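Q: Contents are compact mmCIF, C-alpha atoms and all ligand atoms; file name final-v4.txt:
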```
# COMPACT_ATOMS: atom_id res chain seq x y z
CA MET G 7 67.12 1.79 -56.25
CA ARG G 8 69.52 1.45 -59.19
CA GLN G 9 68.92 5.00 -60.38
CA SER G 10 69.12 6.56 -56.94
CA LEU G 11 72.53 4.94 -56.40
CA LEU G 12 73.74 6.12 -59.80
CA ALA G 13 72.53 9.63 -59.01
CA LEU G 14 74.33 9.69 -55.67
CA LEU G 15 77.53 8.41 -57.30
CA ALA G 16 77.26 11.10 -59.98
CA LYS G 17 77.73 13.59 -57.17
CA GLU G 18 80.75 11.87 -55.66
CA PRO G 19 82.30 8.43 -55.21
CA ALA G 20 81.15 6.66 -52.06
CA HIS G 21 81.16 3.35 -50.28
CA GLY G 22 78.06 1.29 -49.55
CA TYR G 23 77.39 2.55 -46.08
CA GLU G 24 77.68 6.19 -47.11
CA LEU G 25 75.12 5.55 -49.86
CA LYS G 26 72.71 4.04 -47.36
CA GLN G 27 73.06 7.08 -45.09
CA ALA G 28 72.58 9.50 -47.96
CA LEU G 29 69.37 7.77 -49.07
CA GLU G 30 68.00 7.88 -45.54
CA GLN G 31 68.84 11.53 -45.27
CA ILE G 32 67.21 12.53 -48.53
CA PHE G 33 64.00 10.55 -48.26
CA GLY G 34 63.59 10.88 -44.52
CA ARG G 35 60.62 8.92 -43.25
CA ALA G 36 59.07 8.77 -46.68
CA TYR G 37 60.85 5.74 -47.96
CA PRO G 38 61.45 2.39 -46.33
CA PRO G 39 65.11 2.49 -45.26
CA PRO G 40 67.16 0.31 -47.64
CA ASN G 41 69.16 -2.35 -45.89
CA ILE G 42 72.88 -2.52 -46.49
CA GLY G 43 72.62 -5.98 -48.04
CA GLN G 44 70.26 -4.75 -50.77
CA ILE G 45 72.59 -1.86 -51.48
CA TYR G 46 75.59 -4.15 -51.96
CA VAL G 47 73.59 -6.50 -54.16
CA THR G 48 72.49 -3.58 -56.35
CA LEU G 49 76.03 -2.16 -56.50
CA GLY G 50 77.28 -5.60 -57.55
CA ARG G 51 74.80 -5.69 -60.42
CA LEU G 52 75.64 -2.15 -61.51
CA GLU G 53 79.31 -3.11 -61.49
CA LYS G 54 78.62 -6.21 -63.59
CA ASP G 55 76.70 -4.01 -66.09
CA GLY G 56 79.70 -1.68 -66.30
CA LEU G 57 77.81 1.31 -64.90
CA VAL G 58 79.92 1.66 -61.78
CA ARG G 59 83.39 0.52 -60.84
CA ALA G 60 84.93 -0.11 -57.43
CA VAL G 61 88.36 0.56 -56.07
CA ASP G 62 89.76 -0.87 -52.86
CA VAL G 63 90.86 1.76 -50.43
CA GLU G 64 93.20 0.65 -47.68
CA GLN G 65 92.34 1.56 -44.14
CA SER G 66 94.67 1.36 -41.19
CA ASN G 67 93.83 -1.58 -38.90
CA ARG G 68 90.52 -2.23 -40.65
CA PRO G 69 89.62 -4.28 -43.71
CA ASN G 70 89.86 -2.46 -47.04
CA LYS G 71 86.73 -0.67 -48.11
CA LYS G 72 85.35 -0.57 -51.59
CA VAL G 73 84.68 2.90 -52.95
CA TYR G 74 82.35 3.02 -55.94
CA TYR G 75 82.40 5.56 -58.73
CA LEU G 76 80.33 6.17 -61.82
CA THR G 77 81.64 5.07 -65.25
CA ALA G 78 80.95 6.92 -68.51
CA ALA G 79 78.36 4.26 -69.36
CA GLY G 80 76.81 4.84 -65.94
CA ARG G 81 76.64 8.55 -66.61
CA ASP G 82 74.86 7.88 -69.93
CA ALA G 83 72.37 5.52 -68.32
CA LEU G 84 71.61 8.13 -65.66
CA ASP G 85 71.14 10.90 -68.25
CA ILE G 86 68.74 8.75 -70.24
CA TRP G 87 66.73 7.95 -67.12
CA VAL G 88 66.49 11.61 -66.05
CA ASP G 89 65.62 12.86 -69.53
CA GLU G 90 62.86 10.47 -70.47
CA PRO G 91 59.33 11.06 -69.20
CA SER G 92 58.25 8.61 -66.52
CA GLU G 93 55.44 6.11 -67.02
CA GLY G 94 51.99 7.36 -66.06
CA PRO G 95 50.00 5.42 -63.52
CA ARG G 96 48.60 2.21 -64.94
CA VAL G 97 45.16 1.16 -63.94
CA ARG G 98 45.45 -2.51 -63.18
CA ASP G 99 43.15 -2.51 -60.28
CA GLU G 100 42.39 -5.73 -58.48
CA PHE G 101 39.19 -4.34 -57.06
CA PHE G 102 37.92 -3.41 -60.51
CA MET G 103 38.52 -6.99 -61.63
CA LYS G 104 36.46 -8.23 -58.71
CA LEU G 105 33.72 -5.78 -59.50
CA VAL G 106 33.44 -6.75 -63.14
CA LEU G 107 33.73 -10.47 -62.51
CA ALA G 108 31.57 -10.58 -59.39
CA PRO G 109 28.22 -11.13 -61.13
CA MET G 110 29.63 -14.19 -62.90
CA THR G 111 30.40 -15.83 -59.58
CA GLY G 112 26.78 -15.42 -58.53
CA ILE G 113 27.78 -14.64 -54.95
CA ALA G 114 28.98 -11.11 -54.62
CA ASP G 115 26.59 -8.17 -54.50
CA ARG G 116 28.18 -5.26 -56.37
CA MET G 117 26.72 -2.58 -54.17
CA ALA G 118 28.08 -4.32 -51.08
CA LEU G 119 31.50 -4.71 -52.70
CA ILE G 120 31.67 -1.02 -53.58
CA ASN G 121 30.50 0.08 -50.14
CA ARG G 122 33.08 -2.08 -48.40
CA GLN G 123 35.81 -0.79 -50.66
CA ARG G 124 34.82 2.83 -50.03
CA ARG G 125 35.04 2.34 -46.28
CA HIS G 126 38.41 0.68 -46.70
CA TYR G 127 39.78 3.57 -48.80
CA LEU G 128 38.47 6.10 -46.29
CA GLY G 129 40.17 4.15 -43.51
CA LEU G 130 43.44 4.39 -45.45
CA MET G 131 42.83 8.09 -45.92
CA ARG G 132 42.43 8.49 -42.20
CA ASP G 133 45.76 6.72 -41.69
CA LEU G 134 47.40 9.10 -44.15
CA ASN G 135 45.88 12.08 -42.32
CA GLU G 136 47.32 10.84 -39.05
CA LEU G 137 50.64 10.13 -40.68
CA ALA G 138 50.76 13.67 -42.08
CA ASP G 139 50.01 15.03 -38.60
CA ARG G 140 52.86 13.01 -37.09
CA THR G 141 55.33 13.98 -39.81
CA ASP G 142 57.80 16.78 -39.18
CA ARG G 143 56.64 20.01 -40.92
CA GLU G 144 60.13 20.39 -42.36
CA ASP G 145 60.19 16.97 -43.96
CA TYR G 146 58.92 18.13 -47.34
CA VAL G 147 59.84 14.95 -49.16
CA ALA G 148 57.74 12.80 -46.84
CA LEU G 149 54.85 15.29 -46.79
CA LEU G 150 54.74 15.48 -50.58
CA LEU G 151 54.72 11.71 -50.85
CA ILE G 152 51.85 11.51 -48.39
CA GLU G 153 49.96 14.15 -50.34
CA GLY G 154 50.60 12.21 -53.53
CA ALA G 155 49.17 9.09 -51.91
CA MET G 156 46.12 11.08 -50.77
CA LEU G 157 45.46 12.41 -54.25
CA HIS G 158 45.72 8.92 -55.74
CA LEU G 159 43.30 7.65 -53.12
CA GLN G 160 40.89 10.49 -53.89
CA ALA G 161 41.00 9.50 -57.56
CA ASP G 162 40.26 5.88 -56.61
CA LEU G 163 37.26 7.03 -54.58
CA ASP G 164 35.97 9.18 -57.44
CA TRP G 165 36.32 6.22 -59.74
CA LEU G 166 34.44 4.05 -57.28
CA GLU G 167 31.61 6.55 -57.38
CA ARG G 168 31.54 6.34 -61.16
CA CYS G 169 31.42 2.55 -60.94
CA GLN G 170 28.53 2.75 -58.51
CA GLU G 171 26.61 5.06 -60.83
CA ASP G 172 27.24 3.29 -64.10
CA LEU G 173 27.59 -0.44 -63.53
CA PRO G 174 24.23 -2.17 -63.79
CA MET Q 4 21.77 7.59 -22.46
CA SER Q 5 18.33 9.19 -22.47
CA GLU Q 6 19.50 12.10 -24.64
CA PRO Q 7 17.46 12.08 -27.84
CA PRO Q 8 19.23 12.02 -31.19
CA VAL Q 9 20.24 15.46 -32.49
CA VAL Q 10 18.75 14.56 -35.87
CA ARG Q 11 16.20 11.92 -36.74
CA THR Q 12 14.38 11.64 -40.03
CA VAL Q 13 11.60 9.21 -40.84
CA ASN Q 14 10.94 8.31 -44.46
CA LEU Q 15 11.95 11.80 -45.54
CA VAL Q 16 11.00 12.67 -49.12
CA LYS Q 17 11.59 15.69 -51.33
CA ILE Q 18 10.07 15.96 -54.76
CA TYR Q 19 10.79 19.11 -56.75
CA GLN Q 20 8.45 20.22 -59.51
CA ASN Q 21 10.37 21.08 -62.62
CA GLY Q 22 7.92 22.67 -65.06
CA GLY Q 23 5.22 20.26 -64.01
CA VAL Q 24 7.58 17.29 -64.05
CA PRO Q 25 8.19 15.79 -60.61
CA VAL Q 26 11.89 15.40 -59.76
CA PRO Q 27 12.38 13.09 -56.78
CA ALA Q 28 15.55 14.37 -55.07
CA VAL Q 29 15.33 12.55 -51.72
CA ARG Q 30 13.41 9.30 -51.61
CA GLY Q 31 12.64 7.95 -48.18
CA VAL Q 32 15.66 8.73 -46.00
CA ASP Q 33 15.85 7.39 -42.44
CA LEU Q 34 18.79 8.98 -40.69
CA VAL Q 35 19.66 9.14 -37.00
CA VAL Q 36 22.53 11.29 -35.74
CA GLU Q 37 23.50 10.99 -32.08
CA PRO Q 38 24.84 13.90 -30.00
CA GLY Q 39 28.48 14.64 -30.73
CA GLN Q 40 28.60 12.47 -33.83
CA PHE Q 41 30.44 13.59 -36.97
CA VAL Q 42 28.62 12.23 -40.02
CA ALA Q 43 29.92 12.71 -43.56
CA ILE Q 44 27.48 12.47 -46.47
CA THR Q 45 28.89 11.45 -49.83
CA GLY Q 46 27.47 10.46 -53.17
CA PRO Q 47 27.54 11.48 -56.82
CA SER Q 48 26.39 14.84 -58.10
CA GLY Q 49 22.60 15.06 -58.08
CA SER Q 50 22.16 12.27 -55.53
CA GLY Q 51 20.28 14.60 -53.15
CA LYS Q 52 22.97 15.59 -50.62
CA SER Q 53 22.29 19.33 -50.64
CA THR Q 54 18.54 18.76 -50.67
CA LEU Q 55 18.84 16.56 -47.59
CA VAL Q 56 20.91 18.98 -45.50
CA HIS Q 57 18.76 21.93 -46.60
CA MET Q 58 15.73 20.10 -45.26
CA LEU Q 59 17.56 19.33 -42.00
CA GLY Q 60 18.25 23.05 -41.61
CA GLY Q 61 14.70 24.06 -42.49
CA LEU Q 62 15.86 25.86 -45.63
CA ASP Q 63 13.77 23.75 -47.96
CA PRO Q 64 10.38 22.27 -47.00
CA ARG Q 65 10.01 18.51 -47.10
CA THR Q 66 7.43 16.85 -49.35
CA SER Q 67 6.62 14.10 -46.86
CA GLY Q 68 8.11 12.29 -43.89
CA GLU Q 69 9.29 13.59 -40.55
CA ILE Q 70 12.26 15.56 -39.20
CA TRP Q 71 13.02 15.50 -35.48
CA LEU Q 72 15.72 17.73 -33.95
CA ASP Q 73 16.76 17.14 -30.34
CA GLY Q 74 13.66 15.02 -29.85
CA LYS Q 75 11.25 17.68 -31.12
CA ARG Q 76 9.20 17.50 -34.29
CA ALA Q 77 10.66 20.09 -36.66
CA ASP Q 78 9.14 19.58 -40.12
CA THR Q 79 5.81 21.02 -39.00
CA MET Q 80 7.36 24.19 -37.55
CA SER Q 81 6.69 27.66 -38.95
CA GLU Q 82 9.32 29.63 -40.87
CA SER Q 83 9.91 31.87 -37.90
CA ALA Q 84 10.37 28.93 -35.54
CA TRP Q 85 12.98 27.53 -37.93
CA ALA Q 86 14.71 30.90 -38.07
CA LEU Q 87 14.89 30.98 -34.29
CA LEU Q 88 16.28 27.44 -34.17
CA ARG Q 89 18.97 28.25 -36.73
CA ARG Q 90 19.95 31.34 -34.78
CA ARG Q 91 20.28 29.42 -31.52
CA LYS Q 92 21.73 26.10 -32.40
CA ILE Q 93 22.30 25.36 -36.06
CA GLY Q 94 25.27 26.57 -38.09
CA PHE Q 95 24.88 26.24 -41.84
CA VAL Q 96 27.59 26.34 -44.50
CA PHE Q 97 26.11 26.66 -47.98
CA GLN Q 98 27.67 25.06 -51.02
CA PHE Q 99 27.70 28.52 -52.61
CA PHE Q 100 28.69 30.57 -49.53
CA ASN Q 101 25.81 33.12 -49.25
CA LEU Q 102 27.81 35.82 -47.47
CA VAL Q 103 26.20 39.20 -46.81
CA ALA Q 104 27.64 41.31 -49.62
CA ASN Q 105 27.56 44.74 -48.01
CA MET Q 106 29.19 43.69 -44.74
CA THR Q 107 32.87 43.16 -44.00
CA VAL Q 108 34.25 39.70 -43.38
CA ALA Q 109 34.50 40.50 -39.66
CA ASP Q 110 30.86 41.58 -39.48
CA ASN Q 111 29.71 38.57 -41.48
CA VAL Q 112 31.35 36.32 -38.92
CA GLU Q 113 30.27 38.25 -35.80
CA LEU Q 114 26.64 38.65 -36.80
CA PRO Q 115 25.41 35.12 -35.98
CA ALA Q 116 27.03 35.27 -32.55
CA LEU Q 117 25.37 38.63 -31.85
CA LEU Q 118 22.01 37.36 -33.11
CA ALA Q 119 22.35 34.39 -30.77
CA GLY Q 120 22.75 36.79 -27.85
CA ALA Q 121 26.53 36.90 -27.36
CA SER Q 122 28.06 40.11 -25.99
CA ALA Q 123 29.95 42.31 -28.47
CA ARG Q 124 33.19 41.32 -26.80
CA ASP Q 125 32.52 37.58 -26.94
CA ALA Q 126 31.44 37.86 -30.57
CA ARG Q 127 34.67 39.67 -31.42
CA GLU Q 128 36.84 37.14 -29.62
CA ARG Q 129 35.06 34.30 -31.30
CA ARG Q 130 35.50 35.96 -34.69
CA GLU Q 131 39.21 36.55 -34.07
CA HIS Q 132 39.70 32.94 -33.05
CA LEU Q 133 37.86 31.53 -36.09
CA LEU Q 134 39.48 33.83 -38.64
CA GLY Q 135 42.87 33.06 -37.10
CA ALA Q 136 42.31 29.32 -37.24
CA LEU Q 137 41.40 29.60 -40.92
CA GLY Q 138 44.28 31.88 -41.88
CA LEU Q 139 42.01 34.86 -42.59
CA THR Q 140 43.04 37.37 -39.94
CA GLY Q 141 44.40 39.71 -42.59
CA ARG Q 142 41.11 39.72 -44.51
CA ALA Q 143 38.83 40.82 -41.67
CA ASP Q 144 38.11 44.24 -43.16
CA ALA Q 145 37.60 43.09 -46.74
CA SER Q 146 34.16 42.78 -48.29
CA PRO Q 147 33.11 39.37 -49.65
CA ALA Q 148 33.39 40.52 -53.26
CA GLN Q 149 37.10 41.21 -52.74
CA LEU Q 150 37.79 37.62 -51.69
CA ALA Q 151 38.91 34.62 -53.71
CA GLY Q 152 36.47 31.70 -53.82
CA GLY Q 153 38.45 29.69 -51.32
CA GLU Q 154 38.55 32.64 -48.92
CA GLN Q 155 34.80 33.18 -49.18
CA GLN Q 156 34.32 29.52 -48.42
CA ARG Q 157 36.38 29.72 -45.25
CA VAL Q 158 34.52 32.85 -44.16
CA ALA Q 159 31.28 30.94 -44.64
CA LEU Q 160 32.57 28.24 -42.30
CA ALA Q 161 33.70 30.79 -39.72
CA ARG Q 162 30.28 32.41 -39.88
CA ALA Q 163 28.53 29.07 -39.38
CA LEU Q 164 30.63 28.35 -36.29
CA SER Q 165 30.29 31.82 -34.83
CA ASN Q 166 27.30 31.08 -32.57
CA LYS Q 167 28.89 27.80 -31.36
CA PRO Q 168 26.03 25.81 -32.85
CA SER Q 169 25.28 22.46 -31.27
CA LEU Q 170 24.61 21.21 -34.83
CA LEU Q 171 26.82 22.16 -37.76
CA LEU Q 172 25.35 21.45 -41.20
CA ALA Q 173 27.94 21.99 -43.93
CA ASP Q 174 27.57 21.52 -47.67
CA GLU Q 175 30.96 20.94 -49.38
CA PRO Q 176 32.89 23.24 -47.04
CA THR Q 177 36.21 22.52 -48.75
CA GLY Q 178 35.08 22.38 -52.38
CA ASN Q 179 37.19 25.37 -53.43
CA LEU Q 180 40.20 24.97 -51.17
CA ASP Q 181 43.75 23.95 -51.91
CA SER Q 182 45.38 21.38 -49.70
CA ARG Q 183 46.95 23.82 -47.25
CA ASN Q 184 43.66 25.58 -46.58
CA THR Q 185 41.87 22.27 -46.42
CA ARG Q 186 44.25 21.28 -43.64
CA ASP Q 187 43.26 24.39 -41.65
CA VAL Q 188 39.60 23.50 -42.10
CA LEU Q 189 40.27 19.91 -41.03
CA ARG Q 190 42.02 21.10 -37.91
CA LEU Q 191 39.13 23.42 -37.02
CA LEU Q 192 36.54 20.71 -37.65
CA GLY Q 193 38.55 18.38 -35.42
CA GLU Q 194 38.52 21.00 -32.68
CA VAL Q 195 34.78 21.57 -33.04
CA HIS Q 196 34.18 17.82 -32.98
CA ARG Q 197 36.27 17.37 -29.84
CA ASP Q 198 34.24 20.14 -28.19
CA GLY Q 199 31.21 17.90 -28.64
CA GLN Q 200 29.42 19.71 -31.45
CA THR Q 201 27.43 17.47 -33.75
CA ILE Q 202 28.46 17.68 -37.42
CA VAL Q 203 26.61 16.62 -40.55
CA LEU Q 204 28.77 17.46 -43.51
CA VAL Q 205 28.39 16.86 -47.25
CA THR Q 206 31.70 16.29 -48.98
CA HIS Q 207 33.46 14.84 -51.99
CA ASP Q 208 36.80 15.33 -50.31
CA ALA Q 209 38.00 12.05 -48.86
CA ARG Q 210 40.35 13.81 -46.45
CA VAL Q 211 37.34 15.50 -44.87
CA ALA Q 212 35.13 12.39 -44.98
CA SER Q 213 37.86 10.32 -43.35
CA MET Q 214 37.65 12.48 -40.21
CA ALA Q 215 34.03 11.51 -39.66
CA ASP Q 216 32.82 8.83 -37.25
CA ARG Q 217 30.43 7.61 -39.87
CA VAL Q 218 29.92 7.91 -43.61
CA VAL Q 219 26.49 7.93 -45.24
CA THR Q 220 26.39 7.41 -49.00
CA LEU Q 221 23.47 8.59 -51.12
CA LEU Q 222 22.60 7.35 -54.58
CA ASP Q 223 19.54 8.63 -56.45
CA GLY Q 224 18.07 10.11 -53.28
CA GLU Q 225 18.42 6.96 -51.18
CA ILE Q 226 20.92 5.86 -48.55
CA VAL Q 227 22.92 2.96 -49.97
CA ASP Q 228 25.55 2.75 -47.25
CA ASP Q 229 25.75 3.94 -43.68
CA GLY Q 230 28.51 2.94 -41.31
CA ALA Q 231 31.89 3.46 -39.72
CA LEU Q 232 35.05 3.79 -41.78
CA GLY Q 233 37.18 0.78 -42.56
CA THR Q 234 39.40 -0.28 -39.70
CA ALA Q 235 41.59 -2.71 -41.61
CA ARG Q 236 44.62 -0.57 -41.01
CA ARG Q 237 47.97 -1.70 -42.14
CA ARG Q 238 50.21 -2.91 -39.35
CA PRO Q 239 52.73 -2.28 -38.07
CA ARG Q 240 52.31 1.48 -38.03
CA GLY Q 241 55.51 3.15 -38.85
CA THR Q 242 56.97 5.34 -41.49
CA ALA Q 243 55.25 6.95 -44.43
CA GLY Q 244 56.94 4.29 -46.51
CA ASP Q 245 54.55 1.71 -45.09
CA VAL Q 246 51.61 3.45 -46.69
CA VAL Q 247 53.27 5.29 -49.51
CA GLU Q 248 54.78 3.14 -52.19
CA LEU Q 249 57.14 4.84 -54.54
CA ARG Q 250 56.87 3.59 -58.07
CA GLY Q 251 59.89 2.19 -59.79
N1 LIG G 301 15.31 23.90 -56.78
C1 LIG G 301 15.25 22.80 -57.51
N2 LIG G 301 14.32 22.62 -58.45
C2 LIG G 301 14.22 21.50 -59.17
N3 LIG G 301 15.09 20.45 -59.05
C3 LIG G 301 16.07 20.58 -58.15
C4 LIG G 301 16.20 21.74 -57.34
N4 LIG G 301 17.27 21.56 -56.52
C5 LIG G 301 17.77 20.33 -56.80
N5 LIG G 301 17.06 19.73 -57.79
C6 LIG G 301 17.29 18.39 -58.33
O1 LIG G 301 17.29 17.47 -57.25
C7 LIG G 301 18.32 16.48 -57.42
C8 LIG G 301 19.26 16.51 -56.23
O2 LIG G 301 19.96 17.73 -56.20
P1 LIG G 301 20.98 18.12 -55.06
O3 LIG G 301 21.36 19.54 -55.26
O4 LIG G 301 20.42 17.75 -53.74
O5 LIG G 301 22.20 17.14 -55.40
P2 LIG G 301 23.66 17.04 -54.73
O6 LIG G 301 23.82 15.64 -54.29
O7 LIG G 301 23.80 18.11 -53.71
O8 LIG G 301 24.62 17.32 -55.98
P3 LIG G 301 26.06 18.07 -56.06
O9 LIG G 301 27.07 17.08 -55.58
O10 LIG G 301 26.21 18.40 -57.49
O11 LIG G 301 25.98 19.29 -55.19
C9 LIG G 301 18.98 16.80 -58.75
O12 LIG G 301 18.39 16.00 -59.73
C10 LIG G 301 18.65 18.26 -58.97
O13 LIG G 301 18.58 18.56 -60.35
MG MG G 302 25.01 19.81 -53.61
```
What does the file become when written as structure tokens?
A:
Amino acid sequence: MRQSLLALLAKEPAHGYELKQALEQIFGRAYPPPNIGQIYVTLGRLEKDGLVRAVDVEQSNRPNKKVYYLTAAGRDALDIWVDEPSEGPRVRDEFFMKLVLAPMTGIADRMALINRQRRHYLGLMRDLNELADRTDREDYVALLLIEGAMLHLQADLDWLERCQEDLP
Amino acid sequence: MSEPPVVRTVNLVKIYQNGGVPVPAVRGVDLVVEPGQFVAITGPSGSGKSTLVHMLGGLDPRTSGEIWLDGKRADTMSESAWALLRRRKIGFVFQFFNLVANMTVADNVELPALLAGASARDARERREHLLGALGLTGRADASPAQLAGGEQQRVALARALSNKPSLLLADEPTGNLDSRNTRDVLRLLGEVHRDGQTIVLVTHDARVASMADRVVTLLDGEIVDDGALGTARRRPRGTAGDVVELRG
């Protein structure tokens, strides 16, 4: 969330609640809505790191509100984040660990493990299909995220097939 | 409850001869498909999926074992009896399309309906509906050679559904499609399934397989798994964020 807050503040200074609303608007249903507490905690850390600064703005008959803006160091941190390539997916798959270690336990049958996992993945795929159907056609951000999840799941299934073919 | 299964095989075997060397492609498959069921068949390349559905459609003779369709013994039928059966109640989508080259898309799709005895008007309406559902209305007058692979594939599906077959056999019907066209195919398959047609469909595409009631997995010509999809759904159901985790 750090980077998304920095990016929003690069556009214009804002207070915590405005940032929360902006995130909800951009990511739509695709991203668990951040709660205001998490946003203030993150802003506090960014402030401590010198990436943002806050000014108190007086409001008539209400408590002052803190408006945050990006510092030069914040701008640099944001540029670095945008410019560098992002990590690729790492394969640190719990199921694969089970599969490789199963014979040592003497209990689990590999074929049964793989079959159960396939059915589970396909059940998740069905959920994603239904989710895509229920998602507003205009909500491109959410639809692209769902499609990304589907493609990852397809890769996991293809990998499962390879495991089934090649593991003794 | 007394309705017989649409498909039943008993110890079904196919052994090809490859220059005198026997190649066992399907090795003792027992499969029962009930009326209205949607069964997806998955498995690695060479595991015998195409061979199995070809045998179910009478396109490839079995080596041994039995095939029963709608309660009637089918593996002992003559070629012409198979042809009649396919015309009346089986729709087949080939992995490599097999469209009639010197006919337009529209005629390719109408032909099976006409052969099954539909009136010219019904065949045309059916064709218009299917091509529309698959986003191909604008290609009706093209010839197959003028189509992209993904378009040919969708025409092949439309053709297979043209005679409203009670049994649809489809071999990788989305193998060449991008995700938007796959969604059209999924929607049409859902419609066909809701109408009560029985579907046996070979696929590598998990989006397609996940629509099935049941998934059968082949490995080296044998069934190694056969059952319903996982039901361990994540609760509570809610936003995409519950399923989709952004990295970072
Ligand atoms: N006409 C044929 N002559 C000889 N061998 C064949 C013939 N057709 C298929 N085979 C062999 O039978 C086995 C099963 O082939 P099949 O086409 O059924 O596999 P598949 O599961 O459909 O694979 P894919 O996912 O690549 O389509 C393979 O070993 C294949 O080489
Ligand atoms: Mg095949």
Q: Which residues sit within 9 Å of ligand MG 302 (chain G), counting all atoms listed in the file, listed as a PyMOL selection string?
A: chain Q and resi 48-54+97-98+174-175+205-206
Q: Give the residues close to ligand LIG 301 (chain G), within 12 Å, counting only C-alpha atoms and all ligand atoms; write them as a PyMOL selection string.
A: (chain G and resi 167) or (chain Q and resi 16-30+44-58+62-64+97-99+173-176+178+204-208+220-226)
Q: Give me, as a list in words, the contact residues of chain G against chain Q at a cut-off of 7 Å, counting all atoms listed in the file.
A: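 Result: Arg35, Ala36, Tyr37, Pro38, Asn121, Arg125, His126, Leu128, Gly129, Leu130, Met131, Arg132, Leu137, Ala148, Leu151, Ile152, Ala155, Gln160 and Glu167 of chain G.
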Q: Quick one: residues within 9 Å of Met7 of chain G, only C-alpha atoms counted, chain neighbours fewer than 5 positions away excluded, as a count of residues only?
A: 5
Q: Please compute the atom CA of Glu136 of chain G-atom CA of Leu170 of chain Q distance, one decimal, in Å.
A: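 Computing it gives 25.3 Å between the two atoms.
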Q: Taking all atoms of segment 136-150 of chain G that appear in the file, build a box with edges along x, y and z, extend it by 5 Å on every side, and state its centre and edge lengths in Å to one decimal, as JSON.
A:
```
{"center_x": 53.8, "center_y": 15.3, "center_z": -43.8, "size_x": 22.9, "size_y": 20.3, "size_z": 23.5}
```
Q: Take atom CA of Leu117 of chain Q and atom CA of Leu160 of chain Q and report the distance between them in Å, one decimal.
A: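 Atom CA of Leu160 of chain Q lies at a distance of 16.4 Å from atom CA of Leu117 of chain Q.
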Q: If I take atom CA of Asp73 of chain Q and atom CA of Arg89 of chain Q, how far is one from the other in Å, to one decimal?
A: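 According to the coordinates, atom CA of Asp73 of chain Q and atom CA of Arg89 of chain Q are separated by 13.0 Å.
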Q: Would you list the contacts of Asn111 of chain Q as a list in words, taking every protein, DNA or RNA residue within 8 Å and counting all atoms listed in the file, but skipping same-chain residues closer than 4 positions in sequence?
A: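 The residues that qualify are Leu102, Val103, Met106, Thr107, Pro115, Val158 and Arg162 of chain Q.
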Q: Export C-alpha atoms of the chosen residues as a tab-separated table (two decimals), in the coordinates of the input?
A:
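Below you can see out_32.tsv, which holds the result:
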```tsv
chain	number	residue	atom	x	y	z
Q	102	LEU	CA	27.81	35.82	-47.47
Q	103	VAL	CA	26.20	39.20	-46.81
Q	106	MET	CA	29.19	43.69	-44.74
Q	107	THR	CA	32.87	43.16	-44.00
Q	115	PRO	CA	25.41	35.12	-35.98
Q	158	VAL	CA	34.52	32.85	-44.16
Q	162	ARG	CA	30.28	32.41	-39.88
```
Q: Kindly provide, as a list in words, the polymer residues lying within 9 Å of (16.6, 21.4, -36.7), counting only C-alpha atoms and using the coordinates exactly as they appear in the file.
A: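 Nearby residues: Val9, Val10, Met58, Leu59, Gly60, Gly61, Ile70, Trp71, Leu72, Asp73, Lys75, Arg76, Ala77, Asp78, Trp85, Leu88, Arg89, Lys92, Ile93 and Leu170 of chain Q.
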